[in-house]
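Q: Below is the file final-v3.txt, which contains compact mmCIF, N, CA and C atoms.
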```txt
# COMPACT_ATOMS: atom_id res chain seq x y z
N MET A 23 13.34 -53.95 -24.94
CA MET A 23 13.85 -52.86 -25.70
C MET A 23 12.88 -51.70 -25.64
N GLY A 24 13.12 -50.86 -24.69
CA GLY A 24 12.21 -49.75 -24.44
C GLY A 24 12.43 -48.59 -25.40
N ARG A 25 11.38 -47.87 -25.57
CA ARG A 25 11.46 -46.69 -26.43
C ARG A 25 11.65 -45.48 -25.54
N GLU A 26 12.46 -44.61 -26.00
CA GLU A 26 12.68 -43.39 -25.23
C GLU A 26 11.53 -42.43 -25.54
N GLU A 27 10.95 -41.92 -24.50
CA GLU A 27 9.86 -40.97 -24.68
C GLU A 27 10.43 -39.56 -24.60
N LYS A 28 10.01 -38.75 -25.55
CA LYS A 28 10.45 -37.36 -25.56
C LYS A 28 9.43 -36.52 -24.81
N ALA A 29 9.93 -35.56 -24.12
CA ALA A 29 9.05 -34.66 -23.39
C ALA A 29 8.35 -33.73 -24.38
N VAL A 30 7.07 -33.62 -24.26
CA VAL A 30 6.30 -32.75 -25.14
C VAL A 30 6.23 -31.38 -24.49
N GLU A 31 6.64 -30.40 -25.28
CA GLU A 31 6.61 -29.03 -24.76
C GLU A 31 5.20 -28.48 -24.92
N THR A 32 4.69 -27.92 -23.86
CA THR A 32 3.37 -27.30 -23.93
C THR A 32 3.55 -25.79 -24.00
N PRO A 33 2.67 -25.12 -24.71
CA PRO A 33 2.78 -23.66 -24.77
C PRO A 33 2.58 -23.07 -23.39
N VAL A 34 3.24 -21.97 -23.17
CA VAL A 34 3.20 -21.33 -21.86
C VAL A 34 1.77 -20.96 -21.51
N SER A 35 1.16 -20.11 -22.29
CA SER A 35 -0.25 -19.77 -22.08
C SER A 35 -0.73 -19.02 -23.32
N LEU A 36 -1.96 -19.23 -23.63
CA LEU A 36 -2.58 -18.52 -24.73
C LEU A 36 -3.54 -17.51 -24.16
N ASP A 37 -3.54 -16.35 -24.75
CA ASP A 37 -4.44 -15.29 -24.28
C ASP A 37 -5.73 -15.34 -25.08
N TYR A 38 -6.76 -15.87 -24.49
CA TYR A 38 -8.07 -15.88 -25.10
C TYR A 38 -8.89 -14.76 -24.49
N ARG A 39 -9.76 -14.18 -25.30
CA ARG A 39 -10.65 -13.17 -24.71
C ARG A 39 -11.75 -13.90 -23.95
N LYS A 40 -12.29 -13.23 -22.97
CA LYS A 40 -13.34 -13.88 -22.19
C LYS A 40 -14.59 -14.00 -23.04
N PRO A 41 -15.33 -15.08 -22.87
CA PRO A 41 -16.54 -15.26 -23.68
C PRO A 41 -17.58 -14.20 -23.38
N LEU A 42 -18.35 -13.86 -24.39
CA LEU A 42 -19.41 -12.88 -24.19
C LEU A 42 -20.54 -13.49 -23.38
N GLN A 43 -21.13 -12.69 -22.54
CA GLN A 43 -22.29 -13.12 -21.77
C GLN A 43 -23.55 -12.85 -22.58
N TRP A 44 -24.65 -13.46 -22.17
CA TRP A 44 -25.91 -13.30 -22.88
C TRP A 44 -26.30 -11.82 -22.93
N GLY A 45 -26.54 -11.32 -24.14
CA GLY A 45 -26.95 -9.93 -24.31
C GLY A 45 -25.79 -8.96 -24.41
N GLU A 46 -24.57 -9.41 -24.21
CA GLU A 46 -23.40 -8.54 -24.26
C GLU A 46 -22.97 -8.37 -25.72
N LEU A 47 -22.64 -7.16 -26.12
CA LEU A 47 -22.21 -6.89 -27.48
C LEU A 47 -20.69 -6.73 -27.53
N ASP A 48 -20.11 -7.18 -28.61
CA ASP A 48 -18.66 -7.04 -28.81
C ASP A 48 -18.41 -5.79 -29.65
N PRO A 49 -17.86 -4.74 -29.06
CA PRO A 49 -17.66 -3.50 -29.82
C PRO A 49 -16.60 -3.62 -30.91
N ASP A 50 -15.73 -4.61 -30.83
CA ASP A 50 -14.66 -4.77 -31.81
C ASP A 50 -14.96 -5.83 -32.86
N ARG A 51 -16.19 -6.31 -32.93
CA ARG A 51 -16.50 -7.42 -33.83
C ARG A 51 -16.24 -7.07 -35.29
N ARG A 52 -16.72 -5.93 -35.76
CA ARG A 52 -16.51 -5.57 -37.17
C ARG A 52 -15.04 -5.30 -37.47
N ARG A 53 -14.37 -4.64 -36.55
CA ARG A 53 -12.97 -4.29 -36.78
C ARG A 53 -12.09 -5.53 -36.82
N ASN A 54 -12.41 -6.56 -36.05
CA ASN A 54 -11.59 -7.76 -35.99
C ASN A 54 -11.96 -8.82 -37.01
N THR A 55 -13.00 -8.57 -37.80
CA THR A 55 -13.41 -9.52 -38.82
C THR A 55 -12.49 -9.37 -40.02
N HIS A 56 -11.96 -10.48 -40.52
CA HIS A 56 -11.02 -10.45 -41.63
C HIS A 56 -11.72 -10.09 -42.94
N VAL A 57 -10.98 -9.50 -43.85
CA VAL A 57 -11.54 -9.04 -45.12
C VAL A 57 -12.08 -10.21 -45.93
N GLY A 58 -11.49 -11.39 -45.80
CA GLY A 58 -11.98 -12.56 -46.52
C GLY A 58 -13.38 -12.96 -46.08
N MET A 59 -13.68 -12.78 -44.82
CA MET A 59 -15.01 -13.09 -44.32
C MET A 59 -16.04 -12.13 -44.89
N TRP A 60 -15.68 -10.85 -44.98
CA TRP A 60 -16.59 -9.87 -45.57
C TRP A 60 -16.82 -10.18 -47.04
N ALA A 61 -15.76 -10.57 -47.76
CA ALA A 61 -15.92 -10.92 -49.17
C ALA A 61 -16.84 -12.12 -49.32
N TRP A 62 -16.67 -13.11 -48.45
CA TRP A 62 -17.53 -14.30 -48.49
C TRP A 62 -18.98 -13.90 -48.24
N LEU A 63 -19.20 -13.05 -47.25
CA LEU A 63 -20.55 -12.62 -46.91
C LEU A 63 -21.20 -11.86 -48.06
N TRP A 64 -20.45 -10.94 -48.67
CA TRP A 64 -21.00 -10.16 -49.77
C TRP A 64 -21.25 -11.00 -51.01
N GLN A 65 -20.47 -12.06 -51.19
CA GLN A 65 -20.74 -12.95 -52.32
C GLN A 65 -22.05 -13.71 -52.09
N ARG A 66 -22.30 -14.13 -50.87
CA ARG A 66 -23.56 -14.81 -50.56
C ARG A 66 -24.75 -13.87 -50.72
N ILE A 67 -24.59 -12.63 -50.28
CA ILE A 67 -25.66 -11.65 -50.44
C ILE A 67 -25.92 -11.38 -51.92
N SER A 68 -24.87 -11.27 -52.70
CA SER A 68 -25.05 -11.03 -54.14
C SER A 68 -25.69 -12.24 -54.82
N ALA A 69 -25.44 -13.45 -54.33
CA ALA A 69 -26.09 -14.64 -54.90
C ALA A 69 -27.59 -14.58 -54.67
N LEU A 70 -28.01 -14.17 -53.48
CA LEU A 70 -29.44 -14.01 -53.21
C LEU A 70 -30.05 -12.90 -54.07
N ALA A 71 -29.29 -11.83 -54.25
CA ALA A 71 -29.78 -10.72 -55.08
C ALA A 71 -29.92 -11.17 -56.54
N ILE A 72 -29.00 -12.02 -57.00
CA ILE A 72 -29.11 -12.55 -58.36
C ILE A 72 -30.39 -13.36 -58.52
N LEU A 73 -30.69 -14.18 -57.55
CA LEU A 73 -31.92 -14.98 -57.63
C LEU A 73 -33.17 -14.10 -57.70
N VAL A 74 -33.21 -13.08 -56.87
CA VAL A 74 -34.37 -12.18 -56.86
C VAL A 74 -34.44 -11.40 -58.18
N LEU A 75 -33.31 -10.85 -58.61
CA LEU A 75 -33.30 -10.05 -59.83
C LEU A 75 -33.58 -10.90 -61.07
N LEU A 76 -33.10 -12.13 -61.07
CA LEU A 76 -33.37 -13.02 -62.20
C LEU A 76 -34.86 -13.36 -62.28
N GLY A 77 -35.47 -13.60 -61.14
CA GLY A 77 -36.92 -13.83 -61.13
C GLY A 77 -37.68 -12.62 -61.65
N LEU A 78 -37.28 -11.44 -61.21
CA LEU A 78 -37.92 -10.22 -61.70
C LEU A 78 -37.66 -10.01 -63.19
N HIS A 79 -36.46 -10.34 -63.63
CA HIS A 79 -36.09 -10.17 -65.03
C HIS A 79 -36.93 -11.08 -65.93
N LEU A 80 -37.23 -12.27 -65.45
CA LEU A 80 -38.04 -13.20 -66.25
C LEU A 80 -39.51 -12.79 -66.29
N THR A 81 -39.98 -12.11 -65.26
CA THR A 81 -41.39 -11.70 -65.25
C THR A 81 -41.58 -10.31 -65.84
N LEU A 82 -40.64 -9.42 -65.62
CA LEU A 82 -40.73 -8.05 -66.15
C LEU A 82 -39.64 -7.86 -67.19
N THR A 83 -39.89 -8.30 -68.40
CA THR A 83 -38.86 -8.22 -69.44
C THR A 83 -38.72 -6.81 -69.97
N TYR A 84 -37.56 -6.54 -70.51
CA TYR A 84 -37.23 -5.27 -71.17
C TYR A 84 -37.35 -4.07 -70.24
N LYS A 85 -36.88 -4.23 -69.02
CA LYS A 85 -36.80 -3.11 -68.09
C LYS A 85 -35.32 -2.78 -67.92
N PRO A 86 -34.85 -1.69 -68.52
CA PRO A 86 -33.41 -1.39 -68.49
C PRO A 86 -32.83 -1.27 -67.08
N MET A 87 -33.58 -0.72 -66.14
CA MET A 87 -33.04 -0.57 -64.78
C MET A 87 -32.85 -1.94 -64.14
N LEU A 88 -33.75 -2.86 -64.38
CA LEU A 88 -33.64 -4.21 -63.85
C LEU A 88 -32.45 -4.94 -64.49
N GLN A 89 -32.27 -4.76 -65.79
CA GLN A 89 -31.13 -5.37 -66.47
C GLN A 89 -29.82 -4.78 -65.97
N PHE A 90 -29.82 -3.48 -65.72
CA PHE A 90 -28.64 -2.80 -65.19
C PHE A 90 -28.25 -3.39 -63.84
N LEU A 91 -29.22 -3.53 -62.94
CA LEU A 91 -28.94 -4.07 -61.61
C LEU A 91 -28.50 -5.53 -61.68
N LEU A 92 -29.14 -6.31 -62.53
CA LEU A 92 -28.76 -7.72 -62.66
C LEU A 92 -27.34 -7.86 -63.17
N LEU A 93 -26.98 -7.10 -64.19
CA LEU A 93 -25.62 -7.17 -64.72
C LEU A 93 -24.60 -6.69 -63.69
N LEU A 94 -24.93 -5.65 -62.95
CA LEU A 94 -24.04 -5.13 -61.91
C LEU A 94 -23.78 -6.18 -60.83
N VAL A 95 -24.84 -6.81 -60.35
CA VAL A 95 -24.70 -7.81 -59.29
C VAL A 95 -23.97 -9.05 -59.79
N VAL A 96 -24.23 -9.46 -61.04
CA VAL A 96 -23.53 -10.61 -61.60
C VAL A 96 -22.04 -10.32 -61.74
N ALA A 97 -21.68 -9.11 -62.17
CA ALA A 97 -20.26 -8.75 -62.30
C ALA A 97 -19.58 -8.76 -60.93
N PHE A 98 -20.25 -8.25 -59.92
CA PHE A 98 -19.70 -8.24 -58.56
C PHE A 98 -19.52 -9.66 -58.03
N HIS A 99 -20.54 -10.49 -58.24
CA HIS A 99 -20.49 -11.88 -57.78
C HIS A 99 -19.39 -12.65 -58.51
N ALA A 100 -19.24 -12.42 -59.79
CA ALA A 100 -18.19 -13.10 -60.57
C ALA A 100 -16.80 -12.68 -60.12
N ALA A 101 -16.63 -11.40 -59.80
CA ALA A 101 -15.32 -10.93 -59.35
C ALA A 101 -14.92 -11.60 -58.04
N LEU A 102 -15.87 -11.71 -57.11
CA LEU A 102 -15.56 -12.38 -55.85
C LEU A 102 -15.38 -13.88 -56.05
N GLY A 103 -16.05 -14.45 -57.04
CA GLY A 103 -15.85 -15.86 -57.37
C GLY A 103 -14.46 -16.12 -57.93
N LEU A 104 -13.96 -15.20 -58.74
CA LEU A 104 -12.58 -15.33 -59.23
C LEU A 104 -11.58 -15.27 -58.08
N ARG A 105 -11.86 -14.45 -57.09
CA ARG A 105 -11.00 -14.38 -55.91
C ARG A 105 -10.92 -15.73 -55.23
N VAL A 106 -12.06 -16.40 -55.08
CA VAL A 106 -12.08 -17.72 -54.44
C VAL A 106 -11.27 -18.73 -55.26
N ILE A 107 -11.44 -18.71 -56.56
CA ILE A 107 -10.70 -19.63 -57.43
C ILE A 107 -9.21 -19.40 -57.32
N LEU A 108 -8.78 -18.13 -57.39
CA LEU A 108 -7.35 -17.83 -57.32
C LEU A 108 -6.74 -18.23 -55.98
N LEU A 109 -7.49 -18.05 -54.90
CA LEU A 109 -6.97 -18.43 -53.59
C LEU A 109 -7.01 -19.95 -53.38
N ASP A 110 -8.05 -20.62 -53.87
CA ASP A 110 -8.15 -22.07 -53.68
C ASP A 110 -7.07 -22.83 -54.43
N PHE A 111 -6.69 -22.35 -55.60
CA PHE A 111 -5.66 -23.03 -56.37
C PHE A 111 -4.26 -22.49 -56.07
N ASN A 112 -4.13 -21.68 -55.04
CA ASN A 112 -2.85 -21.10 -54.61
C ASN A 112 -2.15 -20.35 -55.73
N LEU A 113 -2.92 -19.69 -56.56
CA LEU A 113 -2.33 -18.87 -57.61
C LEU A 113 -1.95 -17.49 -57.07
N VAL A 114 -2.56 -17.11 -55.98
CA VAL A 114 -2.25 -15.85 -55.29
C VAL A 114 -2.11 -16.16 -53.82
N ASN A 115 -1.11 -15.58 -53.19
CA ASN A 115 -0.90 -15.79 -51.77
C ASN A 115 -1.99 -15.07 -50.97
N VAL A 116 -2.39 -15.67 -49.87
CA VAL A 116 -3.46 -15.12 -49.04
C VAL A 116 -3.10 -13.75 -48.48
N LYS A 117 -1.83 -13.47 -48.30
CA LYS A 117 -1.46 -12.17 -47.72
C LYS A 117 -1.77 -11.01 -48.67
N TYR A 118 -2.02 -11.30 -49.95
CA TYR A 118 -2.40 -10.26 -50.91
C TYR A 118 -3.91 -10.22 -51.13
N GLN A 119 -4.66 -10.81 -50.22
CA GLN A 119 -6.10 -10.95 -50.41
C GLN A 119 -6.81 -9.60 -50.51
N ARG A 120 -6.41 -8.64 -49.70
CA ARG A 120 -7.07 -7.33 -49.73
C ARG A 120 -6.89 -6.67 -51.10
N TRP A 121 -5.68 -6.72 -51.65
CA TRP A 121 -5.42 -6.16 -52.98
C TRP A 121 -6.18 -6.94 -54.04
N LEU A 122 -6.26 -8.24 -53.86
CA LEU A 122 -6.96 -9.10 -54.81
C LEU A 122 -8.44 -8.76 -54.85
N ILE A 123 -9.04 -8.56 -53.70
CA ILE A 123 -10.47 -8.23 -53.65
C ILE A 123 -10.74 -6.91 -54.38
N TRP A 124 -10.00 -5.88 -54.02
CA TRP A 124 -10.24 -4.58 -54.64
C TRP A 124 -9.92 -4.58 -56.12
N GLY A 125 -8.86 -5.27 -56.51
CA GLY A 125 -8.49 -5.34 -57.92
C GLY A 125 -9.52 -6.07 -58.75
N LEU A 126 -10.00 -7.21 -58.25
CA LEU A 126 -10.98 -7.98 -59.01
C LEU A 126 -12.35 -7.30 -59.04
N VAL A 127 -12.74 -6.67 -57.95
CA VAL A 127 -14.01 -5.94 -57.96
C VAL A 127 -13.90 -4.75 -58.92
N GLY A 128 -12.77 -4.08 -58.93
CA GLY A 128 -12.56 -2.99 -59.90
C GLY A 128 -12.60 -3.51 -61.33
N LEU A 129 -11.96 -4.64 -61.58
CA LEU A 129 -12.00 -5.26 -62.90
C LEU A 129 -13.43 -5.66 -63.27
N GLY A 130 -14.18 -6.16 -62.31
CA GLY A 130 -15.57 -6.52 -62.55
C GLY A 130 -16.40 -5.31 -62.95
N PHE A 131 -16.18 -4.18 -62.29
CA PHE A 131 -16.94 -2.97 -62.64
C PHE A 131 -16.52 -2.42 -64.00
N VAL A 132 -15.25 -2.56 -64.35
CA VAL A 132 -14.80 -2.14 -65.69
C VAL A 132 -15.47 -3.02 -66.74
N MET A 133 -15.49 -4.33 -66.52
CA MET A 133 -16.16 -5.24 -67.45
C MET A 133 -17.65 -4.93 -67.53
N PHE A 134 -18.26 -4.63 -66.40
CA PHE A 134 -19.67 -4.25 -66.37
C PHE A 134 -19.90 -3.03 -67.26
N ALA A 135 -19.05 -2.01 -67.11
CA ALA A 135 -19.21 -0.78 -67.88
C ALA A 135 -19.04 -1.05 -69.37
N ILE A 136 -18.07 -1.87 -69.73
CA ILE A 136 -17.84 -2.19 -71.14
C ILE A 136 -19.05 -2.90 -71.73
N ILE A 137 -19.56 -3.89 -71.00
CA ILE A 137 -20.72 -4.64 -71.50
C ILE A 137 -21.95 -3.74 -71.58
N TRP A 138 -22.17 -2.91 -70.57
CA TRP A 138 -23.34 -2.06 -70.56
C TRP A 138 -23.30 -1.05 -71.69
N ILE A 139 -22.14 -0.44 -71.92
CA ILE A 139 -22.00 0.54 -73.00
C ILE A 139 -22.16 -0.15 -74.35
N THR A 140 -21.66 -1.37 -74.48
CA THR A 140 -21.79 -2.10 -75.74
C THR A 140 -23.25 -2.45 -76.03
N ILE A 141 -23.98 -2.85 -75.02
CA ILE A 141 -25.38 -3.25 -75.23
C ILE A 141 -26.28 -2.04 -75.43
N TYR A 142 -26.13 -1.01 -74.66
CA TYR A 142 -27.03 0.15 -74.74
C TYR A 142 -26.34 1.33 -75.35
```
Take the structure from the file and write it as structure tokens.
A:
Amino acid sequence: MGREEKAVETPVSLDYRKPLQWGELDPDRRRNTHVGMWAWLWQRISALAILVLLGLHLTLTYKPMLQFLLLLVVAFHAALGLRVILLDFNLVNVKYQRWLIWGLVGLGFVMFAIIWITIY
């Protein structure tokens, strides 16, 4: 009792770009990078900035400019963290990611301003 085998359709051809050679630069690299990758990168950069600013904040207490920068970076980092949570739990569709990034970063800056004005 033989099994009938179905023919597997293979794609006609995929257009891949040629690999870069050693020392060759890709002029379209920034333009072709998705907005989600930039958000991920900026969240990692802000995490490092938080570590540096927190260390400075603990050693140089009561410096308003340092507190200002720390609160600003924390608000930015939190806004991008909310983006990750909303996308991971499928609460927002990925196709609205660009609007989500700008909206949450704007909300983060509004919250930053409210907190800063309340404290100082």
Q: Skip Leu126 (chain A) itself and residues of its chain fewer than 4 positions away, then list as a PyMOL selection string all residues within 6.5 Å of it, counting only N, CA and C atoms.
A: chain A and resi 101-102+121-122+130-131
Q: I need the helix (DSSP H, G or I) residues of region 24-141 of chain A per DSSP on the backbone, written as a PyMOL selection string.
A: chain A and resi 51-54+57-81+86-110+116-141
Q: Which distance in Å separates atom C of Leu75 (chain A) and CA of Gln89 (chain A), to one decimal?
A: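 Atom C of Leu75 (chain A) sits 8.1 Å away from CA of Gln89 (chain A).
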Q: Could you give me the axis-aligned bounding box of region 121-130 of chain A, with 3 Å of padding per side, as centre plus edge lengths in Å to one decimal, as AutoDock Vina command-line options?
A:
```
--center_x -10.9 --center_y -6.0 --center_z -57.5 --size_x 17.0 --size_y 12.1 --size_z 17.6
```
Q: Select, from A:Ile72, A:Ile67, A:Val106, A:Ala135, the residue with the minimum atom-to-atom distance to Leu92 (chain A), counting all atoms listed in the file.
A: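 The shortest atom-to-atom distance to Leu92 (chain A) comes from A:Ile72.
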Q: So how far away is CA of Gln65 (chain A) from CA of Asp48 (chain A), in Å?
A: 24.3 Å
Q: Between atom N of Pro86 (chain A) and atom C of Gly103 (chain A), what distance in Å does the model show, to one decimal?
A: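 Atom-to-atom, atom N of Pro86 (chain A) to atom C of Gly103 (chain A), that is 27.1 Å.
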